[in-house]
>>> print(open('input.pdb').read())   # PDB, C-alpha atoms
ATOM      1  CA  MET A   1      10.640  25.686-137.129
ATOM      2  CA  THR A   2      13.027  26.026-140.074
ATOM      3  CA  LEU A   3      16.399  24.336-140.114
ATOM      4  CA  SER A   4      19.873  24.892-141.563
ATOM      5  CA  ILE A   5      21.966  21.731-141.298
ATOM      6  CA  CYS A   6      25.592  22.928-141.219
ATOM      7  CA  ILE A   7      28.465  20.469-141.476
ATOM      8  CA  PRO A   8      32.173  21.106-142.045
ATOM      9  CA  ILE A   9      33.935  18.375-144.021
ATOM     10  CA  TYR A  10      37.591  17.487-143.718
ATOM     11  CA  ASN A  11      39.185  14.276-144.990
ATOM     12  CA  TYR A  12      36.128  12.132-144.302
ATOM     13  CA  ASN A  13      33.521  10.425-146.464
ATOM     14  CA  ALA A  14      30.352  12.143-145.230
ATOM     15  CA  THR A  15      27.939  10.698-147.779
ATOM     16  CA  LYS A  16      26.037   8.379-145.415
ATOM     17  CA  LEU A  17      25.599  11.035-142.719
ATOM     18  CA  ILE A  18      24.384  13.733-145.097
ATOM     19  CA  THR A  19      22.117  11.376-147.033
ATOM     20  CA  ASP A  20      20.498  10.145-143.801
ATOM     21  CA  LEU A  21      19.946  13.709-142.571
ATOM     22  CA  SER A  22      18.458  14.730-145.908
ATOM     23  CA  GLN A  23      16.046  11.793-145.919
ATOM     24  CA  GLN A  24      14.902  12.484-142.363
ATOM     25  CA  ALA A  25      14.365  16.200-142.995
ATOM     26  CA  LEU A  26      12.325  15.411-146.112
ATOM     27  CA  LYS A  27      10.311  12.792-144.231
ATOM     28  CA  GLU A  28       9.448  15.288-141.467
ATOM     29  CA  LYS A  29       8.436  17.854-144.122
ATOM     30  CA  ILE A  30      10.527  20.490-142.386
ATOM     31  CA  GLU A  31      11.695  23.505-144.376
ATOM     32  CA  HIS A  32      15.440  23.051-144.451
ATOM     33  CA  GLU A  33      18.753  23.489-146.202
ATOM     34  CA  ILE A  34      21.978  21.524-145.950
ATOM     35  CA  ILE A  35      25.146  23.619-146.056
ATOM     36  CA  LEU A  36      28.450  21.795-146.470
ATOM     37  CA  ILE A  37      31.896  23.351-146.584
ATOM     38  CA  ASP A  38      34.934  21.239-147.356
ATOM     39  CA  ASP A  39      37.956  22.710-145.574
ATOM     40  CA  ASN A  40      40.402  21.930-148.391
ATOM     41  CA  SER A  41      40.446  18.151-147.843
ATOM     42  CA  ASP A  42      43.045  15.877-149.383
ATOM     43  CA  LEU A  43      40.755  12.832-149.297
ATOM     44  CA  TYR A  44      37.268  11.776-150.504
ATOM     45  CA  GLU A  45      36.764  14.789-152.774
ATOM     46  CA  ASN A  46      34.961  12.751-155.465
ATOM     47  CA  GLU A  47      32.752  10.882-152.989
ATOM     48  CA  ASN A  48      31.633  14.037-151.185
ATOM     49  CA  ALA A  49      31.099  15.937-154.437
ATOM     50  CA  GLN A  50      28.016  13.764-155.030
ATOM     51  CA  LEU A  51      26.327  15.364-152.012
ATOM     52  CA  ALA A  52      25.638  18.511-154.021
ATOM     53  CA  THR A  53      22.960  16.560-155.923
ATOM     54  CA  LEU A  54      20.816  16.082-152.793
ATOM     55  CA  PRO A  55      17.710  18.296-152.437
ATOM     56  CA  TYR A  56      18.256  21.720-150.833
ATOM     57  CA  THR A  57      21.983  21.017-150.472
ATOM     58  CA  GLN A  58      24.931  23.269-151.251
ATOM     59  CA  LEU A  59      28.569  22.195-151.147
ATOM     60  CA  THR A  60      31.522  24.577-151.172
ATOM     61  CA  ARG A  61      35.184  23.589-151.286
ATOM     62  CA  LEU A  62      37.649  26.078-149.810
ATOM     63  CA  PRO A  63      40.933  26.815-151.615
ATOM     64  CA  GLN A  64      42.820  26.686-148.298
ATOM     65  CA  ASN A  65      42.206  25.283-144.838
ATOM     66  CA  ILE A  66      40.745  27.831-142.396
ATOM     67  CA  GLY A  67      40.307  25.693-139.265
ATOM     68  CA  ARG A  68      37.550  24.461-136.981
ATOM     69  CA  SER A  69      36.337  27.768-135.560
ATOM     70  CA  ALA A  70      36.366  29.798-138.761
ATOM     71  CA  ILE A  71      34.576  27.159-140.812
ATOM     72  CA  ARG A  72      31.723  26.882-138.315
ATOM     73  CA  ASN A  73      31.362  30.654-138.292
ATOM     74  CA  GLN A  74      31.250  30.635-142.101
ATOM     75  CA  LEU A  75      28.622  27.881-142.130
ATOM     76  CA  ALA A  76      26.426  29.868-139.750
ATOM     77  CA  LYS A  77      26.888  33.034-141.793
ATOM     78  CA  ASN A  78      25.598  31.195-144.857
ATOM     79  CA  ALA A  79      22.596  29.752-142.986
ATOM     80  CA  ARG A  80      19.203  31.290-143.749
ATOM     81  CA  PHE A  81      16.866  29.583-141.301
ATOM     82  CA  GLU A  82      15.821  29.929-137.658
ATOM     83  CA  TYR A  83      17.784  27.030-136.197
ATOM     84  CA  ILE A  84      21.233  25.709-137.055
ATOM     85  CA  LEU A  85      22.037  22.035-136.594
ATOM     86  CA  PHE A  86      25.802  21.681-136.224
ATOM     87  CA  MET A  87      27.336  18.249-136.656
ATOM     88  CA  ASP A  88      30.803  16.926-137.363
ATOM     89  CA  CYS A  89      31.298  14.972-140.556
ATOM     90  CA  ASP A  90      32.520  11.852-138.732
ATOM     91  CA  ALA A  91      29.138  11.301-137.089
ATOM     92  CA  GLU A  92      26.500   8.698-137.817
ATOM     93  CA  ILE A  93      22.780   8.914-137.071
ATOM     94  CA  VAL A  94      21.645   6.261-134.589
ATOM     95  CA  ASP A  95      18.058   5.825-135.828
ATOM     96  CA  ASP A  96      15.286   7.287-138.006
ATOM     97  CA  PHE A  97      14.028   9.810-135.420
ATOM     98  CA  PHE A  98      17.039  12.077-135.010
ATOM     99  CA  ILE A  99      15.549  15.164-136.711
ATOM    100  CA  LYS A 100      12.130  14.533-135.148
ATOM    101  CA  ARG A 101      13.552  14.485-131.612
ATOM    102  CA  TYR A 102      15.122  17.880-132.178
ATOM    103  CA  MET A 103      11.857  19.234-133.601
ATOM    104  CA  ASP A 104       9.916  17.925-130.590
ATOM    105  CA  ALA A 105      12.476  19.412-128.183
ATOM    106  CA  VAL A 106      12.218  22.836-129.819
ATOM    107  CA  GLN A 107       8.434  22.806-129.493
ATOM    108  CA  SER A 108       8.435  21.636-125.870
ATOM    109  CA  SER A 109      11.356  23.652-124.475
ATOM    110  CA  HIS A 110      11.812  26.775-126.635
ATOM    111  CA  ALA A 111      15.492  26.549-125.646
ATOM    112  CA  ASP A 112      18.231  28.620-127.276
ATOM    113  CA  ILE A 113      20.534  25.595-127.573
ATOM    114  CA  ILE A 114      19.687  21.896-127.525
ATOM    115  CA  MET A 115      22.466  19.351-127.148
ATOM    116  CA  GLY A 116      21.927  15.816-128.429
ATOM    117  CA  GLY A 117      25.076  14.156-127.097
ATOM    118  CA  CYS A 118      27.397  11.548-128.551
ATOM    119  CA  CYS A 119      27.888   7.817-128.262
ATOM    120  CA  TYR A 120      30.365   5.190-129.374
ATOM    121  CA  LYS A 121      29.886   1.807-130.934
ATOM    122  CA  LYS A 122      30.604  -1.016-128.525
ATOM    123  CA  GLU A 123      32.873  -2.999-130.801
ATOM    124  CA  GLN A 124      36.391  -2.581-129.427
ATOM    125  CA  PRO A 125      38.735  -1.107-132.047
ATOM    126  CA  ALA A 126      42.308  -2.170-132.810
ATOM    127  CA  SER A 127      44.784  -1.579-129.995
ATOM    128  CA  ASP A 128      46.314   1.472-131.726
ATOM    129  CA  TYR A 129      42.940   3.235-131.391
ATOM    130  CA  TYR A 130      41.879   1.866-128.025
ATOM    131  CA  LEU A 131      42.740   4.891-125.844
ATOM    132  CA  ARG A 132      40.564   7.287-127.877
ATOM    133  CA  TRP A 133      37.667   4.832-127.909
ATOM    134  CA  LEU A 134      37.964   4.167-124.156
ATOM    135  CA  TYR A 135      38.070   7.896-123.417
ATOM    136  CA  GLY A 136      34.940   8.410-125.513
ATOM    137  CA  ILE A 137      33.050   5.573-123.836
ATOM    138  CA  GLN A 138      33.960   6.558-120.266
ATOM    139  CA  ARG A 139      34.225  10.352-120.424
ATOM    140  CA  GLU A 140      32.105  11.627-123.325
ATOM    141  CA  GLU A 141      29.170   9.223-123.622
ATOM    142  CA  LYS A 142      26.803  10.571-120.969
ATOM    143  CA  PRO A 143      22.983  10.540-120.651
ATOM    144  CA  ALA A 144      21.122  13.840-120.820
ATOM    145  CA  ALA A 145      20.272  13.764-117.110
ATOM    146  CA  GLU A 146      23.959  13.765-116.214
ATOM    147  CA  ARG A 147      24.842  16.438-118.768
ATOM    148  CA  ASN A 148      22.013  18.698-117.603
ATOM    149  CA  ALA A 149      23.541  18.764-114.100
ATOM    150  CA  ALA A 150      26.247  21.079-115.500
ATOM    151  CA  PRO A 151      24.855  21.986-118.917
ATOM    152  CA  TYR A 152      27.434  24.485-120.169
ATOM    153  CA  ARG A 153      30.433  22.262-119.364
ATOM    154  CA  SER A 154      29.173  19.677-121.834
ATOM    155  CA  PHE A 155      28.778  21.978-124.824
ATOM    156  CA  SER A 156      30.041  20.436-128.046
ATOM    157  CA  ALA A 157      29.440  21.418-131.648
ATOM    158  CA  PHE A 158      29.654  17.738-132.579
ATOM    159  CA  ASN A 159      25.845  17.481-132.352
ATOM    160  CA  CYS A 160      23.859  20.535-131.306
ATOM    161  CA  LEU A 161      20.959  22.733-132.331
ATOM    162  CA  ILE A 162      21.278  26.493-131.821
ATOM    163  CA  LYS A 163      19.228  29.537-132.725
ATOM    164  CA  LYS A 164      20.721  31.386-135.659
ATOM    165  CA  ASN A 165      20.223  34.828-134.110
ATOM    166  CA  LEU A 166      21.975  33.746-130.902
ATOM    167  CA  PHE A 167      24.966  32.360-132.785
ATOM    168  CA  SER A 168      25.346  35.683-134.554
ATOM    169  CA  THR A 169      26.070  37.329-131.171
ATOM    170  CA  ILE A 170      28.699  34.832-129.938
ATOM    171  CA  GLN A 171      30.471  32.756-132.625
ATOM    172  CA  PHE A 172      33.627  30.692-132.282
ATOM    173  CA  ASP A 173      36.919  32.422-131.516
ATOM    174  CA  GLU A 174      38.918  32.336-134.746
ATOM    175  CA  THR A 175      42.117  33.357-132.970
ATOM    176  CA  LEU A 176      42.307  29.808-131.622
ATOM    177  CA  ARG A 177      44.265  28.276-134.472
ATOM    178  CA  LYS A 178      45.401  25.138-132.665
ATOM    179  CA  TYR A 179      43.206  22.133-131.987
ATOM    180  CA  GLY A 180      40.969  22.004-128.946
ATOM    181  CA  HIS A 181      38.703  23.714-126.419
ATOM    182  CA  GLU A 182      37.025  26.128-128.829
ATOM    183  CA  ASP A 183      33.818  24.403-127.669
ATOM    184  CA  THR A 184      34.775  25.012-124.023
ATOM    185  CA  LEU A 185      35.105  28.741-124.669
ATOM    186  CA  PHE A 186      31.838  28.835-126.609
ATOM    187  CA  GLY A 187      30.010  27.046-123.770
ATOM    188  CA  TRP A 188      31.500  29.482-121.241
ATOM    189  CA  GLU A 189      30.251  32.448-123.255
ATOM    190  CA  LEU A 190      26.794  30.884-123.467
ATOM    191  CA  LYS A 191      26.837  30.648-119.677
ATOM    192  CA  GLN A 192      27.878  34.298-119.332
ATOM    193  CA  GLN A 193      24.905  35.334-121.440
ATOM    194  CA  ASN A 194      22.596  33.067-119.426
ATOM    195  CA  CYS A 195      21.349  31.355-122.567
ATOM    196  CA  LYS A 196      18.783  28.602-122.155
ATOM    197  CA  LEU A 197      20.683  25.396-122.897
ATOM    198  CA  ILE A 198      19.234  21.929-122.433
ATOM    199  CA  HIS A 199      20.493  18.424-123.113
ATOM    200  CA  ILE A 200      18.352  15.650-124.554
ATOM    201  CA  ASP A 201      19.002  12.008-125.337
ATOM    202  CA  ASN A 202      19.494  12.286-129.087
ATOM    203  CA  PRO A 203      23.067  11.112-129.609
ATOM    204  CA  ALA A 204      24.999  10.522-132.776
ATOM    205  CA  TYR A 205      27.767   7.971-133.102
ATOM    206  CA  HIS A 206      31.278   9.382-133.143
ATOM    207  CA  LEU A 207      32.950   7.169-135.720
ATOM    208  CA  SER A 208      36.538   8.223-136.336
ATOM    209  CA  TYR A 209      39.173   7.492-133.717
ATOM    210  CA  ASP A 210      42.652   8.972-133.631
ATOM    211  CA  ASP A 211      45.428   6.502-133.060
ATOM    212  CA  THR A 212      46.922   6.790-129.582
ATOM    213  CA  ASN A 213      49.983   8.852-130.521
ATOM    214  CA  SER A 214      47.861  11.303-132.538
ATOM    215  CA  PHE A 215      45.316  11.529-129.727
ATOM    216  CA  ILE A 216      48.035  12.357-127.207
ATOM    217  CA  LYS A 217      49.442  15.056-129.503
ATOM    218  CA  LYS A 218      45.955  16.521-130.041
ATOM    219  CA  THR A 219      45.415  16.492-126.277
ATOM    220  CA  GLU A 220      48.647  18.408-125.752
ATOM    221  CA  SER A 221      47.522  20.962-128.349
ATOM    222  CA  SER A 222      44.120  21.310-126.700
ATOM    223  CA  ILE A 223      45.735  21.932-123.305
ATOM    224  CA  SER A 224      47.868  24.688-124.830
ATOM    225  CA  ASN A 225      44.697  26.202-126.262
ATOM    226  CA  LEU A 226      42.929  25.915-122.909
ATOM    227  CA  TRP A 227      45.726  27.804-121.164
ATOM    228  CA  CYS A 228      45.554  30.565-123.784
ATOM    229  CA  ILE A 229      41.804  30.850-123.228
ATOM    230  CA  TYR A 230      42.281  30.946-119.463
ATOM    231  CA  GLN A 231      44.897  33.687-119.709
ATOM    232  CA  LYS A 232      42.606  35.829-121.868
ATOM    233  CA  THR A 233      39.505  35.649-119.676
ATOM    234  CA  ASN A 234      38.703  38.411-117.227
ATOM    235  CA  HIS A 235      36.940  35.941-114.928
ATOM    236  CA  LYS A 236      39.660  33.428-114.120
ATOM    237  CA  LYS A 237      38.218  32.262-110.795
ATOM    238  CA  GLU A 238      34.796  31.567-112.284
ATOM    239  CA  PHE A 239      36.280  29.981-115.421
ATOM    240  CA  ARG A 240      38.454  27.472-113.586
ATOM    241  CA  LYS A 241      35.494  26.461-111.412
ATOM    242  CA  ASP A 242      34.073  24.858-114.533
ATOM    243  CA  ILE A 243      37.322  23.206-115.673
ATOM    244  CA  LYS A 244      38.653  20.504-113.353
ATOM    245  CA  ILE A 245      42.204  20.423-114.718
ATOM    246  CA  LEU A 246      42.565  24.191-114.212
ATOM    247  CA  ARG A 247      41.411  23.820-110.615
ATOM    248  CA  TYR A 248      44.064  21.166-109.963
ATOM    249  CA  GLN A 249      46.783  23.279-111.560
ATOM    250  CA  HIS A 250      45.745  26.243-109.419
ATOM    251  CA  ILE A 251      45.832  24.140-106.239
ATOM    252  CA  LEU A 252      49.341  22.920-107.074
ATOM    253  CA  LYS A 253      50.488  26.494-107.673
ATOM    254  CA  TRP A 254      48.811  27.809-104.516
ATOM    255  CA  THR A 255      50.386  25.064-102.364
ATOM    256  CA  LEU A 256      53.822  25.556-103.974
ATOM    257  CA  LEU A 257      53.679  22.049-105.444
ATOM    258  CA  LEU A 258      53.610  23.085-109.098
ATOM    259  CA  ARG A 259      57.331  22.672-109.770
ATOM    260  CA  PRO A 260      57.572  19.445-107.731
ATOM    261  CA  TYR A 261      54.731  18.032-109.831
ATOM    262  CA  ILE A 262      56.549  19.039-113.026
ATOM    263  CA  TRP A 263      59.652  17.234-111.703
ATOM    264  CA  PHE A 264      57.498  14.149-111.005
ATOM    265  CA  PHE A 265      55.897  14.372-114.440
ATOM    266  CA  ASN A 266      59.228  14.631-116.241
ATOM    267  CA  LEU A 267      60.456  11.630-114.267
ATOM    268  CA  GLN A 268      57.396   9.519-115.041
ATOM    269  CA  LYS A 269      56.519  10.741-118.533
ATOM    270  CA  ASN A 270      57.946   7.755-120.395
ATOM    271  CA  ARG A 271      56.155   5.345-118.066
ATOM    272  CA  PHE A 272      52.906   7.247-118.593
ATOM    273  CA  ILE A 273      53.325   7.025-122.371
ATOM    274  CA  SER A 274      54.118   3.328-122.085
ATOM    275  CA  ASN A 275      50.836   2.729-120.273
ATOM    276  CA  LEU A 276      48.746   4.896-122.592
ATOM    277  CA  THR A 277      50.064   3.140-125.697
ATOM    278  CA  SER A 278      49.561  -0.331-124.193
ATOM    279  CA  ASN A 279      46.573  -2.655-124.599
ATOM    280  CA  GLN A 280      45.268  -1.612-121.172
ATOM    281  CA  PRO A 281      45.582   2.169-120.833
ATOM    282  CA  ASN A 282      44.505   3.756-117.567
ATOM    283  CA  LEU A 283      42.498   6.978-117.803
ATOM    284  CA  LEU A 284      43.722   8.100-114.374
ATOM    285  CA  ILE A 285      47.255   8.028-115.786
ATOM    286  CA  PHE A 286      45.953   9.989-118.772
ATOM    287  CA  ASP A 287      44.607  12.598-116.331
ATOM    288  CA  LEU A 288      48.006  12.797-114.599
ATOM    289  CA  TYR A 289      49.680  13.163-117.986
ATOM    290  CA  LYS A 290      47.361  16.011-119.003
ATOM    291  CA  LEU A 291      47.918  17.775-115.683
ATOM    292  CA  GLY A 292      51.674  17.538-116.201
ATOM    293  CA  VAL A 293      51.366  19.054-119.674
ATOM    294  CA  LEU A 294      49.227  21.890-118.286
ATOM    295  CA  CYS A 295      51.656  22.601-115.436
ATOM    296  CA  LYS A 296      54.600  22.796-117.851
ATOM    297  CA  THR A 297      52.562  24.983-120.220
ATOM    298  CA  SER A 298      51.663  27.366-117.394
ATOM    299  CA  ILE A 299      55.329  27.766-116.430
ATOM    300  CA  HIS A 300      56.469  28.438-119.979
ATOM    301  CA  LYS A 301      53.679  30.867-120.871
ATOM    302  CA  ASP A 302      53.228  32.810-117.631
TER     303      ASP A 302
END
>>> encode(input="input.pdb", output="structure tokens")
Amino acid sequence: MTLSICIPIYNYNATKLITDLSQQALKEKIEHEIILIDDNSDLYENENAQLATLPYTQLTRLPQNIGRSAIRNQLAKNARFEYILFMDCDAEIVDDFFIKRYMDAVQSSHADIIMGGCCYKKEQPASDYYLRWLYGIQREEKPAAERNAAPYRSFSAFNCLIKKNLFSTIQFDETLRKYGHEDTLFGWELKQQNCKLIHIDNPAYHLSYDDTNSFIKKTESSISNLWCIYQKTNHKKEFRKDIKILRYQHILKWTLLLRPYIWFFNLQKNRFISNLTSNQPNLLIFDLYKLGVLCKTSIHKD
């Protein structure tokens, strides 16, 4: 096994993550390279510049921001080795066996894609960041056994190992310029090609939390992206089977309740926001909020 560790950097101090990965790869005596591309960050340029001094590491800084999909495609294009380890720069390695677990999984499974998962530190953040942390704890932090029950739905480039030659045939959709659901589309395409994808318990901490208002805005953007993806697919029925919020929107439309739900959402929107920005946000209300955004998006873009 040979490994290209590919990490996009944007406005985050990635020195601890990259140093830890470098040390583990050297310890395991695995032939590797670390490819870093800074997507025209405004912050931490001097700190991250030091990463270029690590063994087998290359750092490139882009003159303009190209976005989440394009930068991952560029990282993979630059990769030379058999497997690509994608991670986000705001991750942290949990222990000293992260690289080894991936190596063992490759040898035992021969899978095309291996997903390690994510986890969140248990210390409760400040109230302004509580909703994002709560969502991560309750919706994203899942053991491998649960993720393997529906493996493609849980695809995330936050922490995954993928064969270089497979990635060359799929890639991320660079037409998705807004934030969100590029991973959903990539996972769907993996499913269409019947790629062998497995999940293992090898999580990395997700460290950076958006404040609640930013998280809500990002969620709205991701829902707009999801609707664009849904409209483009030639397999709408199969696609929405995998996406719960699309199923609910379709049921509302089919039962002629779509516009009544939009009326309800518009009436309750301020109360929803009040709850989500409080010290005790309710994720069920967050689900209702997202459904309202999707229903309004579907009306405006149909």
>>> residues_near_point(input="input.pdb", point="(28.4, 22.1, -125.4)", cutoff="10 Å", atoms="all atoms listed in the file", output="list in words")
Ile113, Ile114, Met115, Gly116, Gly117, Arg147, Pro151, Tyr152, Arg153, Ser154, Phe155, Ser156, Ala157, Phe158, Asn159, Cys160, Asp183, Thr184, Leu185, Phe186, Gly187, Trp188, Leu190, Leu197, Ile198 and His199 of chain A
>>> resolve_selection(input="input.pdb", expression="the PyMOL selection byres ((chain A and resi 52) around 12)", output="compact mmCIF listing (two decimals) with C-alpha atoms, in the coordinates of the input")
# COMPACT_ATOMS: atom_id res chain seq x y z
CA ALA A 14 30.35 12.14 -145.23
CA THR A 15 27.94 10.70 -147.78
CA ILE A 18 24.38 13.73 -145.10
CA THR A 19 22.12 11.38 -147.03
CA SER A 22 18.46 14.73 -145.91
CA GLU A 33 18.75 23.49 -146.20
CA ILE A 34 21.98 21.52 -145.95
CA ILE A 35 25.15 23.62 -146.06
CA LEU A 36 28.45 21.80 -146.47
CA ILE A 37 31.90 23.35 -146.58
CA ASP A 38 34.93 21.24 -147.36
CA GLU A 45 36.76 14.79 -152.77
CA ASN A 46 34.96 12.75 -155.46
CA GLU A 47 32.75 10.88 -152.99
CA ASN A 48 31.63 14.04 -151.18
CA ALA A 49 31.10 15.94 -154.44
CA GLN A 50 28.02 13.76 -155.03
CA LEU A 51 26.33 15.36 -152.01
CA THR A 53 22.96 16.56 -155.92
CA LEU A 54 20.82 16.08 -152.79
CA PRO A 55 17.71 18.30 -152.44
CA TYR A 56 18.26 21.72 -150.83
CA THR A 57 21.98 21.02 -150.47
CA GLN A 58 24.93 23.27 -151.25
CA LEU A 59 28.57 22.20 -151.15
CA THR A 60 31.52 24.58 -151.17
CA ARG A 61 35.18 23.59 -151.29
>>> residues_around(input="input.pdb", residues="Leu166 of chain A", least_positions_apart="6", cutoff="12 Å", atoms="all atoms listed in the file", output="list in words")
Ala76, Lys77, Glu82, Tyr83, Ile84, Ala111, Asp112, Ile113, Phe186, Glu189, Leu190, Gln193, Asn194, Cys195, Lys196 and Leu197 of chain A
>>> resolve_selection(input="input.pdb", expression="the PyMOL selection byres ((chain A and resi 136) around 10)", output="PDB file with C-alpha atoms, in the frame of the given file")
ATOM      1  CA  CYS A 118      27.397  11.548-128.551  1.00  0.00           C
ATOM      2  CA  CYS A 119      27.888   7.817-128.262  1.00  0.00           C
ATOM      3  CA  TYR A 120      30.365   5.190-129.374  1.00  0.00           C
ATOM      4  CA  LYS A 121      29.886   1.807-130.934  1.00  0.00           C
ATOM      5  CA  TYR A 130      41.879   1.866-128.025  1.00  0.00           C
ATOM      6  CA  LEU A 131      42.740   4.891-125.844  1.00  0.00           C
ATOM      7  CA  ARG A 132      40.564   7.287-127.877  1.00  0.00           C
ATOM      8  CA  TRP A 133      37.667   4.832-127.909  1.00  0.00           C
ATOM      9  CA  LEU A 134      37.964   4.167-124.156  1.00  0.00           C
ATOM     10  CA  TYR A 135      38.070   7.896-123.417  1.00  0.00           C
ATOM     11  CA  ILE A 137      33.050   5.573-123.836  1.00  0.00           C
ATOM     12  CA  GLN A 138      33.960   6.558-120.266  1.00  0.00           C
ATOM     13  CA  ARG A 139      34.225  10.352-120.424  1.00  0.00           C
ATOM     14  CA  GLU A 140      32.105  11.627-123.325  1.00  0.00           C
ATOM     15  CA  GLU A 141      29.170   9.223-123.622  1.00  0.00           C
ATOM     16  CA  LYS A 142      26.803  10.571-120.969  1.00  0.00           C
ATOM     17  CA  HIS A 206      31.278   9.382-133.143  1.00  0.00           C
ATOM     18  CA  TYR A 209      39.173   7.492-133.717  1.00  0.00           C
TER      19      TYR A 209
END
>>> residues_around(input="input.pdb", residues="Asp287 of chain A", least_positions_apart="5", cutoff="9 Å", atoms="only C-alpha atoms", output="PDB file with C-alpha atoms, in the coordinates of the input")
ATOM      1  CA  ILE A 245      42.204  20.423-114.718  1.00  0.00           C
ATOM      2  CA  ASN A 282      44.505   3.756-117.567  1.00  0.00           C
ATOM      3  CA  GLY A 292      51.674  17.538-116.201  1.00  0.00           C
TER       4      GLY A 292
END
>>> closest_residue(input="input.pdb", among="A:Leu294, A:Gln192, A:Glu123, A:Leu207", to="Asn234 of chain A", atoms="all atoms listed in the file")
A:Gln192
